[in-house]
file start-v5.cif (mmCIF, C-alpha atoms)
data_model
loop_
_atom_site.label_atom_id
_atom_site.label_comp_id
_atom_site.auth_asym_id
_atom_site.auth_seq_id
_atom_site.Cartn_x
_atom_site.Cartn_y
_atom_site.Cartn_z
CA MET A 1 21.40 17.46 -39.29
CA GLU A 2 19.06 19.48 -41.48
CA ARG A 3 19.88 23.17 -41.59
CA THR A 4 17.75 26.15 -42.47
CA TRP A 5 18.48 28.63 -45.27
CA GLY A 6 20.81 31.36 -44.05
CA GLU A 7 21.86 29.50 -40.90
CA ILE A 8 25.51 29.96 -39.97
CA VAL A 9 27.22 26.58 -39.90
CA SER A 10 30.49 28.08 -38.68
CA LEU A 11 32.13 31.46 -38.20
CA ASN A 12 35.81 31.26 -39.17
CA VAL A 13 38.91 33.42 -38.80
CA GLY A 14 42.64 32.92 -39.11
CA LEU A 15 45.98 34.67 -39.37
CA PRO A 16 48.42 34.13 -42.24
CA LYS A 17 50.75 31.16 -42.02
CA LEU A 18 53.26 29.45 -44.27
CA LEU A 19 51.95 26.91 -46.79
CA GLU A 20 54.28 24.54 -48.63
CA CYS A 21 53.48 22.66 -51.84
CA ASP A 22 55.84 21.11 -54.38
CA GLY A 23 58.81 22.78 -52.76
CA GLN A 24 57.24 26.23 -52.88
CA GLU A 25 56.38 28.25 -49.79
CA VAL A 26 53.77 30.99 -49.63
CA MET A 27 52.16 32.97 -46.83
CA SER A 28 48.38 32.72 -46.76
CA GLY A 29 45.41 33.36 -44.51
CA ILE A 30 43.35 30.65 -46.21
CA CYS A 31 43.54 28.26 -43.25
CA LYS A 32 40.85 29.46 -40.87
CA ASN A 33 39.43 28.00 -37.68
CA ARG A 34 35.93 27.87 -36.29
CA VAL A 35 35.18 30.42 -33.57
CA ASP A 36 32.42 29.83 -31.02
CA ALA A 37 32.35 33.35 -29.55
CA PRO A 38 30.92 36.60 -30.97
CA LEU A 39 33.29 38.68 -33.12
CA TYR A 40 33.25 42.32 -34.21
CA LEU A 41 32.86 42.86 -37.94
CA SER A 42 34.52 46.07 -39.12
CA LYS A 43 34.53 47.60 -42.60
CA GLU A 44 37.68 45.62 -43.38
CA GLN A 45 37.32 42.21 -41.72
CA LEU A 46 36.17 40.06 -38.85
CA GLU A 47 37.99 40.43 -35.56
CA GLY A 48 40.91 37.98 -35.46
CA ASP A 49 41.09 37.56 -39.22
CA ALA A 50 43.79 38.75 -41.64
CA GLN A 51 45.10 38.31 -45.18
CA ALA A 52 48.70 37.80 -46.25
CA ASP A 53 48.38 39.58 -49.59
CA ARG A 54 46.39 42.76 -49.05
CA LYS A 55 46.86 43.82 -52.65
CA TYR A 56 44.48 41.15 -53.94
CA HIS A 57 42.67 39.93 -50.83
CA GLY A 58 40.57 41.65 -48.21
CA GLY A 59 39.67 45.32 -48.20
CA PRO A 60 36.26 47.00 -48.14
CA ASP A 61 34.86 45.16 -51.19
CA LYS A 62 35.98 41.77 -49.84
CA ALA A 63 35.59 42.21 -46.10
CA ILE A 64 34.26 38.70 -45.55
CA CYS A 65 34.02 35.60 -47.70
CA VAL A 66 30.92 33.38 -47.62
CA TYR A 67 30.67 29.76 -48.80
CA SER A 68 27.70 27.41 -48.84
CA TYR A 69 27.87 24.26 -46.77
CA ASP A 70 25.59 22.72 -49.40
CA HIS A 71 28.63 22.33 -51.69
CA TYR A 72 30.67 20.34 -49.17
CA PRO A 73 29.25 16.89 -50.08
CA TYR A 74 30.09 17.46 -53.74
CA TRP A 75 33.71 18.31 -52.94
CA GLU A 76 34.14 15.42 -50.54
CA GLN A 77 32.91 13.03 -53.23
CA THR A 78 34.92 14.66 -56.01
CA LEU A 79 38.16 14.95 -54.03
CA GLU A 80 37.60 11.57 -52.35
CA ARG A 81 38.45 12.93 -48.93
CA SER A 82 36.77 14.57 -45.98
CA ILE A 83 37.30 18.30 -45.86
CA PRO A 84 37.62 20.46 -42.75
CA GLU A 85 35.49 23.35 -41.57
CA ALA A 86 36.23 26.55 -43.50
CA ALA A 87 37.56 24.28 -46.24
CA PHE A 88 37.62 27.08 -48.80
CA GLY A 89 39.05 29.76 -46.55
CA GLU A 90 35.64 31.34 -45.98
CA ASN A 91 34.77 33.47 -42.98
CA VAL A 92 31.15 32.34 -42.95
CA THR A 93 30.04 28.83 -43.82
CA VAL A 94 26.31 29.04 -44.37
CA ALA A 95 23.39 26.78 -45.22
CA GLY A 96 21.86 27.58 -48.58
CA LEU A 97 22.64 30.94 -50.20
CA LEU A 98 23.76 29.24 -53.39
CA GLU A 99 25.27 31.23 -56.21
CA ASP A 100 22.07 31.19 -58.27
CA GLU A 101 20.02 32.34 -55.28
CA VAL A 102 22.11 35.37 -54.31
CA CYS A 103 22.50 38.53 -56.40
CA ILE A 104 25.16 41.21 -56.60
CA GLY A 105 23.93 44.08 -54.45
CA ASP A 106 21.68 41.99 -52.18
CA ILE A 107 21.74 43.31 -48.62
CA PHE A 108 21.75 40.99 -45.59
CA GLN A 109 21.51 41.37 -41.84
CA LEU A 110 24.31 39.48 -40.12
CA GLY A 111 23.97 39.84 -36.37
CA GLU A 112 24.34 43.55 -35.63
CA ALA A 113 26.05 44.13 -38.97
CA VAL A 114 24.54 44.91 -42.36
CA VAL A 115 26.40 43.54 -45.39
CA GLN A 116 26.10 43.63 -49.18
CA VAL A 117 27.14 41.17 -51.89
CA THR A 118 29.89 42.65 -54.10
CA GLN A 119 31.26 39.85 -56.31
CA PRO A 120 31.82 36.10 -56.57
CA ARG A 121 34.87 34.76 -54.81
CA GLN A 122 37.57 34.10 -57.39
CA PRO A 123 39.36 30.84 -56.60
CA CYS A 124 42.98 31.42 -55.61
CA HIS A 125 46.12 29.40 -56.35
CA LYS A 126 46.62 29.19 -52.58
CA LEU A 127 43.55 26.97 -52.38
CA ALA A 128 45.34 24.52 -54.67
CA LYS A 129 48.46 24.71 -52.53
CA ARG A 130 46.50 24.06 -49.35
CA TYR A 131 45.26 20.71 -50.68
CA GLY A 132 48.10 19.85 -53.03
CA ILE A 133 45.72 19.70 -56.02
CA LYS A 134 47.16 21.79 -58.84
CA ASP A 135 43.92 22.42 -60.73
CA LEU A 136 41.62 22.88 -57.72
CA ALA A 137 41.12 26.60 -58.35
CA ILE A 138 40.07 25.81 -61.93
CA GLN A 139 37.75 23.06 -60.69
CA VAL A 140 36.05 25.50 -58.33
CA GLN A 141 35.80 28.10 -61.09
CA ASN A 142 34.30 25.62 -63.56
CA THR A 143 31.67 24.29 -61.15
CA GLY A 144 30.53 27.79 -60.24
CA TYR A 145 30.65 26.75 -56.58
CA THR A 146 32.72 29.80 -55.73
CA GLY A 147 30.97 31.51 -52.84
CA PHE A 148 30.95 35.31 -52.73
CA TYR A 149 32.14 38.40 -50.89
CA PHE A 150 30.40 40.98 -48.71
CA ARG A 151 31.19 44.61 -48.09
CA VAL A 152 30.13 45.95 -44.70
CA LEU A 153 27.51 48.70 -44.74
CA GLN A 154 27.09 48.76 -40.97
CA GLU A 155 29.66 47.42 -38.53
CA GLY A 156 28.62 45.30 -35.56
CA VAL A 157 29.01 42.13 -33.52
CA VAL A 158 28.39 38.79 -35.24
CA ALA A 159 27.73 35.56 -33.33
CA PRO A 160 27.84 31.95 -34.54
CA SER A 161 24.18 31.61 -33.57
CA ASP A 162 23.13 34.42 -35.94
CA LYS A 163 21.61 33.94 -39.40
CA LEU A 164 22.14 35.69 -42.70
CA VAL A 165 18.76 37.30 -43.32
CA ARG A 166 18.17 38.98 -46.66
CA LYS A 167 16.81 42.46 -46.05
CA GLU A 168 16.81 43.73 -49.61
CA GLN A 169 17.11 41.99 -52.97
CA HIS A 170 18.82 44.08 -55.62
CA PRO A 171 16.31 45.14 -58.32
CA MET A 172 18.65 44.15 -61.18
CA GLY A 173 18.59 40.51 -60.09
CA ILE A 174 22.10 39.74 -61.42
CA SER A 175 23.04 36.52 -59.66
CA VAL A 176 26.48 35.48 -58.47
CA ALA A 177 26.15 32.52 -60.85
CA PHE A 178 25.57 34.86 -63.81
CA ALA A 179 28.57 36.98 -62.80
CA ASN A 180 30.74 33.85 -62.70
CA GLN A 181 29.52 32.84 -66.14
CA ILE A 182 30.41 36.20 -67.67
CA MET A 183 33.78 36.45 -65.93
CA HIS A 184 35.04 32.95 -66.66
CA HIS A 185 33.09 31.44 -69.56
CA GLU A 186 31.54 34.21 -71.69
CA LYS A 187 34.34 36.74 -71.83
CA GLN A 188 33.08 38.16 -75.15
CA ASN A 189 29.49 38.61 -73.97
CA GLN A 190 29.26 42.39 -74.17
CA GLU A 191 25.62 42.55 -73.15
CA GLY A 192 26.37 40.44 -70.07
CA MET A 193 29.28 42.70 -69.14
CA LYS A 194 27.09 45.77 -69.50
CA GLN A 195 24.49 44.17 -67.26
CA LEU A 196 27.12 43.59 -64.59
CA LEU A 197 28.39 47.16 -64.88
CA SER A 198 24.84 48.43 -64.39
CA VAL A 199 24.96 47.17 -60.79
CA ASP A 200 26.50 49.94 -58.69
CA ALA A 201 27.22 47.51 -55.87
CA LEU A 202 29.64 45.47 -58.03
CA SER A 203 33.18 45.56 -56.61
CA THR A 204 35.68 48.02 -58.04
CA SER A 205 38.00 45.28 -59.29
CA TRP A 206 35.21 43.57 -61.25
CA LYS A 207 34.05 46.91 -62.66
CA ASN A 208 37.60 47.50 -63.86
CA THR A 209 37.79 44.09 -65.51
CA MET A 210 34.45 44.46 -67.30
CA THR A 211 35.33 47.99 -68.41
CA LYS A 212 38.68 46.85 -69.81
CA ARG A 213 37.08 43.98 -71.72
CA LEU A 214 34.62 46.41 -73.25
CA GLY A 215 37.53 48.53 -74.44
CA GLY A 216 37.32 51.28 -71.86
CA GLU A 217 39.77 52.71 -69.37
CA SER A 218 40.50 50.88 -66.13
CA THR A 219 43.06 50.65 -63.37
CA PRO A 220 46.20 48.48 -63.82
CA THR A 221 44.69 45.76 -61.61
CA ALA A 222 41.93 44.97 -64.07
CA GLU A 223 41.94 41.43 -65.42
CA ARG A 224 44.19 40.29 -62.56
CA LEU A 225 42.38 37.10 -61.59
CA GLU A 226 43.36 35.84 -58.16
CA GLY A 227 43.52 32.25 -59.34
CA THR A 228 46.03 32.78 -62.11
CA LYS A 229 49.22 33.55 -60.19
#
call {"tool": "encode", "arguments": {"input": "start-v5.cif", "output": "structure tokens"}}
result
Amino acid sequence: MERTWGEIVSLNVGLPKLLECDGQEVMSGICKNRVDAPLYLSKEQLEGDAQADRKYHGGPDKAICVYSYDHYPYWEQTLERSIPEAAFGENVTVAGLLEDEVCIGDIFQLGEAVVQVTQPRQPCHKLAKRYGIKDLAIQVQNTGYTGFYFRVLQEGVVAPSDKLVRKEQHPMGISVAFANQIMHHEKQNQEGMKQLLSVDALSTSWKNTMTKRLGGESTPTAERLEGTK
């Protein structure tokens, strides 16, 4: 079935549960389920959703995670398996909205809510544990097929039949793909880091990381990549 750009493929929420991989157990909210009813989107999260580790997941800068359905065929071919809905723990699976099409600071209408892009999603070790593939987080990072996060500018009800409609494109035009490149592959690119820092809408954690790399002051959480531990 052909889908239109910005169409919601599925709206997904889930509560933390225990994951086990290679004899290790960890609590995670990465396993989410499709919801067919409208949900309220607050400043922190979608109704019925939660994160196990609030220190590094969730919060105002990462209220909801978005992932493009367009990447699913690639992963099914690469992993040689079918993957479920919300395969990457995203709250919104959407048609289009690829990382090179969406910019940090872009503002979207999502049902009654208004949301803004804050940063790429950083692949987490819990993604690897979910599928039992040790380097999956690195694979996601290296492809650039990461998805991204929204902060909520205006709370409201979101329905599965809604679309993500871009209301305002950020004038700096710094794409999610560019942000991924600077974070993961061009860590010495000072000009690129300065460009990212020029976007006020960039999440606090990414601002801290870029500031630290440039030799400035930052909070202790800077450089703590979710996929490394």
call {"tool": "closest_residue", "arguments": {"input": "start-v5.cif", "among": "A:Met210, A:Leu153, A:Leu110, A:Ala179", "to": "A:Gln122", "atoms": "only C-alpha atoms"}}
result
A:Ala179
call {"tool": "resolve_selection", "arguments": {"input": "start-v5.cif", "expression": "the PyMOL selection byres ((chain A and resi 183) around 10)", "output": "VMD selection string"}}
result
chain A and resid 120 122 141 177 to 182 184 to 189 192 to 193 196 206 209 to 210 223 225
call {"tool": "write_last_selection", "arguments": {"input": "start-v5.cif", "atoms": "C-alpha atoms", "output": "tab-separated table (two decimals), keeping the file's coordinate frame"}}
result
chain	number	residue	atom	x	y	z
A	120	PRO	CA	31.82	36.10	-56.57
A	122	GLN	CA	37.57	34.10	-57.39
A	141	GLN	CA	35.80	28.10	-61.09
A	177	ALA	CA	26.15	32.52	-60.85
A	178	PHE	CA	25.57	34.86	-63.81
A	179	ALA	CA	28.57	36.98	-62.80
A	180	ASN	CA	30.74	33.85	-62.70
A	181	GLN	CA	29.52	32.84	-66.14
A	182	ILE	CA	30.41	36.20	-67.67
A	184	HIS	CA	35.04	32.95	-66.66
A	185	HIS	CA	33.09	31.44	-69.56
A	186	GLU	CA	31.54	34.21	-71.69
A	187	LYS	CA	34.34	36.74	-71.83
A	188	GLN	CA	33.08	38.16	-75.15
A	189	ASN	CA	29.49	38.61	-73.97
A	192	GLY	CA	26.37	40.44	-70.07
A	193	MET	CA	29.28	42.70	-69.14
A	196	LEU	CA	27.12	43.59	-64.59
A	206	TRP	CA	35.21	43.57	-61.25
A	209	THR	CA	37.79	44.09	-65.51
A	210	MET	CA	34.45	44.46	-67.30
A	223	GLU	CA	41.94	41.43	-65.42
A	225	LEU	CA	42.38	37.10	-61.59
call {"tool": "closest_residue", "arguments": {"input": "start-v5.cif", "among": "A:Cys31, A:Val26, A:Ala137, A:Ile107", "to": "A:Ala50", "atoms": "all atoms listed in the file"}}
result
A:Cys31
call {"tool": "resolve_selection", "arguments": {"input": "start-v5.cif", "expression": "the PyMOL selection byres ((chain A and resi 160) around 12)", "output": "VMD selection string"}}
result
chain A and resid 6 to 13 34 to 40 91 to 94 110 to 111 157 to 159 161 to 164
call {"tool": "write_last_selection", "arguments": {"input": "start-v5.cif", "atoms": "C-alpha atoms", "output": "PDB file, in the frame of the given file"}}
result
ATOM      1  CA  GLY A   6      20.810  31.360 -44.050  1.00  0.00           C
ATOM      2  CA  GLU A   7      21.860  29.500 -40.900  1.00  0.00           C
ATOM      3  CA  ILE A   8      25.510  29.960 -39.970  1.00  0.00           C
ATOM      4  CA  VAL A   9      27.220  26.580 -39.900  1.00  0.00           C
ATOM      5  CA  SER A  10      30.490  28.080 -38.680  1.00  0.00           C
ATOM      6  CA  LEU A  11      32.130  31.460 -38.200  1.00  0.00           C
ATOM      7  CA  ASN A  12      35.810  31.260 -39.170  1.00  0.00           C
ATOM      8  CA  VAL A  13      38.910  33.420 -38.800  1.00  0.00           C
ATOM      9  CA  ARG A  34      35.930  27.870 -36.290  1.00  0.00           C
ATOM     10  CA  VAL A  35      35.180  30.420 -33.570  1.00  0.00           C
ATOM     11  CA  ASP A  36      32.420  29.830 -31.020  1.00  0.00           C
ATOM     12  CA  ALA A  37      32.350  33.350 -29.550  1.00  0.00           C
ATOM     13  CA  PRO A  38      30.920  36.600 -30.970  1.00  0.00           C
ATOM     14  CA  LEU A  39      33.290  38.680 -33.120  1.00  0.00           C
ATOM     15  CA  TYR A  40      33.250  42.320 -34.210  1.00  0.00           C
ATOM     16  CA  ASN A  91      34.770  33.470 -42.980  1.00  0.00           C
ATOM     17  CA  VAL A  92      31.150  32.340 -42.950  1.00  0.00           C
ATOM     18  CA  THR A  93      30.040  28.830 -43.820  1.00  0.00           C
ATOM     19  CA  VAL A  94      26.310  29.040 -44.370  1.00  0.00           C
ATOM     20  CA  LEU A 110      24.310  39.480 -40.120  1.00  0.00           C
ATOM     21  CA  GLY A 111      23.970  39.840 -36.370  1.00  0.00           C
ATOM     22  CA  VAL A 157      29.010  42.130 -33.520  1.00  0.00           C
ATOM     23  CA  VAL A 158      28.390  38.790 -35.240  1.00  0.00           C
ATOM     24  CA  ALA A 159      27.730  35.560 -33.330  1.00  0.00           C
ATOM     25  CA  SER A 161      24.180  31.610 -33.570  1.00  0.00           C
ATOM     26  CA  ASP A 162      23.130  34.420 -35.940  1.00  0.00           C
ATOM     27  CA  LYS A 163      21.610  33.940 -39.400  1.00  0.00           C
ATOM     28  CA  LEU A 164      22.140  35.690 -42.700  1.00  0.00           C
TER      29      LEU A 164
END
call {"tool": "resolve_selection", "arguments": {"input": "start-v5.cif", "expression": "the PyMOL selection byres ((chain A and resi 60-75) around 9)", "output": "ChimeraX atom specification"}}
result
/A:9,41-46,57-59,76-83,86-99,117-119,121,145-152,202-205
call {"tool": "atom_distance", "arguments": {"input": "start-v5.cif", "atom1": "atom CA of A:Gln169", "atom2": "atom CA of A:Val102"}}
result
8.4 Å
call {"tool": "closest_residue", "arguments": {"input": "start-v5.cif", "among": "A:Ile104, A:Lys167, A:Gly215, A:Ala128", "to": "A:Gln195", "atoms": "only C-alpha atoms"}}
result
A:Ile104
call {"tool": "atom_distance", "arguments": {"input": "start-v5.cif", "atom1": "atom CA of A:Asn142", "atom2": "atom CA of A:Cys124"}}
result
13.1 Å
call {"tool": "atom_distance", "arguments": {"input": "start-v5.cif", "atom1": "atom CA of A:Gln109", "atom2": "atom CA of A:His170"}}
result
14.3 Å
call {"tool": "build_atoms", "arguments": {"input": "start-v5.cif", "residues": "stretch 184-217 of chain A", "atoms": "N, CA and C atoms", "output": "compact mmCIF listing (two decimals), in the coordinates of the input"}}
result
# COMPACT_ATOMS: atom_id res chain seq x y z
N HIS A 184 34.17 34.09 -66.35
CA HIS A 184 35.04 32.95 -66.66
C HIS A 184 34.73 32.24 -67.97
N HIS A 185 33.48 32.29 -68.43
CA HIS A 185 33.09 31.44 -69.56
C HIS A 185 32.55 32.20 -70.77
N GLU A 186 32.09 33.43 -70.58
CA GLU A 186 31.54 34.21 -71.69
C GLU A 186 32.23 35.56 -71.74
N LYS A 187 33.53 35.52 -71.92
CA LYS A 187 34.34 36.74 -71.83
C LYS A 187 34.09 37.71 -72.98
N GLN A 188 33.40 37.27 -74.03
CA GLN A 188 33.08 38.16 -75.15
C GLN A 188 31.62 38.62 -75.12
N ASN A 189 30.91 38.27 -74.08
CA ASN A 189 29.49 38.61 -73.97
C ASN A 189 29.34 40.07 -73.52
N GLN A 190 29.29 40.97 -74.48
CA GLN A 190 29.26 42.39 -74.17
C GLN A 190 27.99 42.79 -73.44
N GLU A 191 26.86 42.21 -73.82
CA GLU A 191 25.62 42.55 -73.15
C GLU A 191 25.66 42.12 -71.68
N GLY A 192 26.24 40.93 -71.45
CA GLY A 192 26.37 40.44 -70.07
C GLY A 192 27.27 41.34 -69.24
N MET A 193 28.37 41.80 -69.85
CA MET A 193 29.28 42.70 -69.14
C MET A 193 28.60 44.03 -68.81
N LYS A 194 27.80 44.52 -69.74
CA LYS A 194 27.09 45.77 -69.50
C LYS A 194 26.06 45.60 -68.40
N GLN A 195 25.43 44.44 -68.35
CA GLN A 195 24.49 44.17 -67.26
C GLN A 195 25.20 44.20 -65.91
N LEU A 196 26.36 43.58 -65.84
CA LEU A 196 27.12 43.59 -64.59
C LEU A 196 27.51 45.02 -64.20
N LEU A 197 27.97 45.79 -65.17
CA LEU A 197 28.39 47.16 -64.88
C LEU A 197 27.22 48.05 -64.47
N SER A 198 26.01 47.63 -64.78
CA SER A 198 24.84 48.43 -64.39
C SER A 198 24.53 48.31 -62.90
N VAL A 199 25.18 47.37 -62.23
CA VAL A 199 24.96 47.17 -60.79
C VAL A 199 25.99 47.98 -60.01
N ASP A 200 25.57 49.06 -59.41
CA ASP A 200 26.50 49.94 -58.69
C ASP A 200 27.25 49.22 -57.58
N ALA A 201 26.62 48.22 -57.01
CA ALA A 201 27.22 47.51 -55.87
C ALA A 201 28.37 46.59 -56.28
N LEU A 202 28.56 46.33 -57.56
CA LEU A 202 29.64 45.47 -58.03
C LEU A 202 30.98 46.02 -57.54
N SER A 203 31.87 45.14 -57.14
CA SER A 203 33.18 45.56 -56.61
C SER A 203 33.97 46.35 -57.65
N THR A 204 34.85 47.19 -57.16
CA THR A 204 35.68 48.02 -58.04
C THR A 204 36.54 47.18 -58.97
N SER A 205 37.12 46.10 -58.45
CA SER A 205 38.00 45.28 -59.29
C SER A 205 37.24 44.63 -60.44
N TRP A 206 36.01 44.18 -60.18
CA TRP A 206 35.21 43.57 -61.25
C TRP A 206 34.72 44.64 -62.24
N LYS A 207 34.41 45.82 -61.75
CA LYS A 207 34.05 46.91 -62.66
C LYS A 207 35.22 47.21 -63.59
N ASN A 208 36.42 47.23 -63.05
CA ASN A 208 37.60 47.50 -63.86
C ASN A 208 37.79 46.44 -64.94
N THR A 209 37.61 45.19 -64.55
CA THR A 209 37.79 44.09 -65.51
C THR A 209 36.77 44.17 -66.63
N MET A 210 35.49 44.38 -66.28
CA MET A 210 34.45 44.46 -67.30
C MET A 210 34.67 45.66 -68.21
N THR A 211 35.08 46.78 -67.62
CA THR A 211 35.33 47.99 -68.41
C THR A 211 36.47 47.78 -69.40
N LYS A 212 37.53 47.11 -68.93
CA LYS A 212 38.68 46.85 -69.81
C LYS A 212 38.28 45.93 -70.96
N ARG A 213 37.50 44.90 -70.66
CA ARG A 213 37.08 43.98 -71.72
C ARG A 213 36.21 44.67 -72.77
N LEU A 214 35.47 45.67 -72.32
CA LEU A 214 34.62 46.41 -73.25
C LEU A 214 35.40 47.48 -74.02
N GLY A 215 36.68 47.60 -73.71
CA GLY A 215 37.53 48.53 -74.44
C GLY A 215 37.65 49.89 -73.80
N GLY A 216 37.23 50.01 -72.54
CA GLY A 216 37.32 51.28 -71.86
C GLY A 216 38.55 51.39 -71.00
N GLU A 217 38.64 52.49 -70.25
CA GLU A 217 39.77 52.71 -69.37
C GLU A 217 39.53 51.99 -68.05
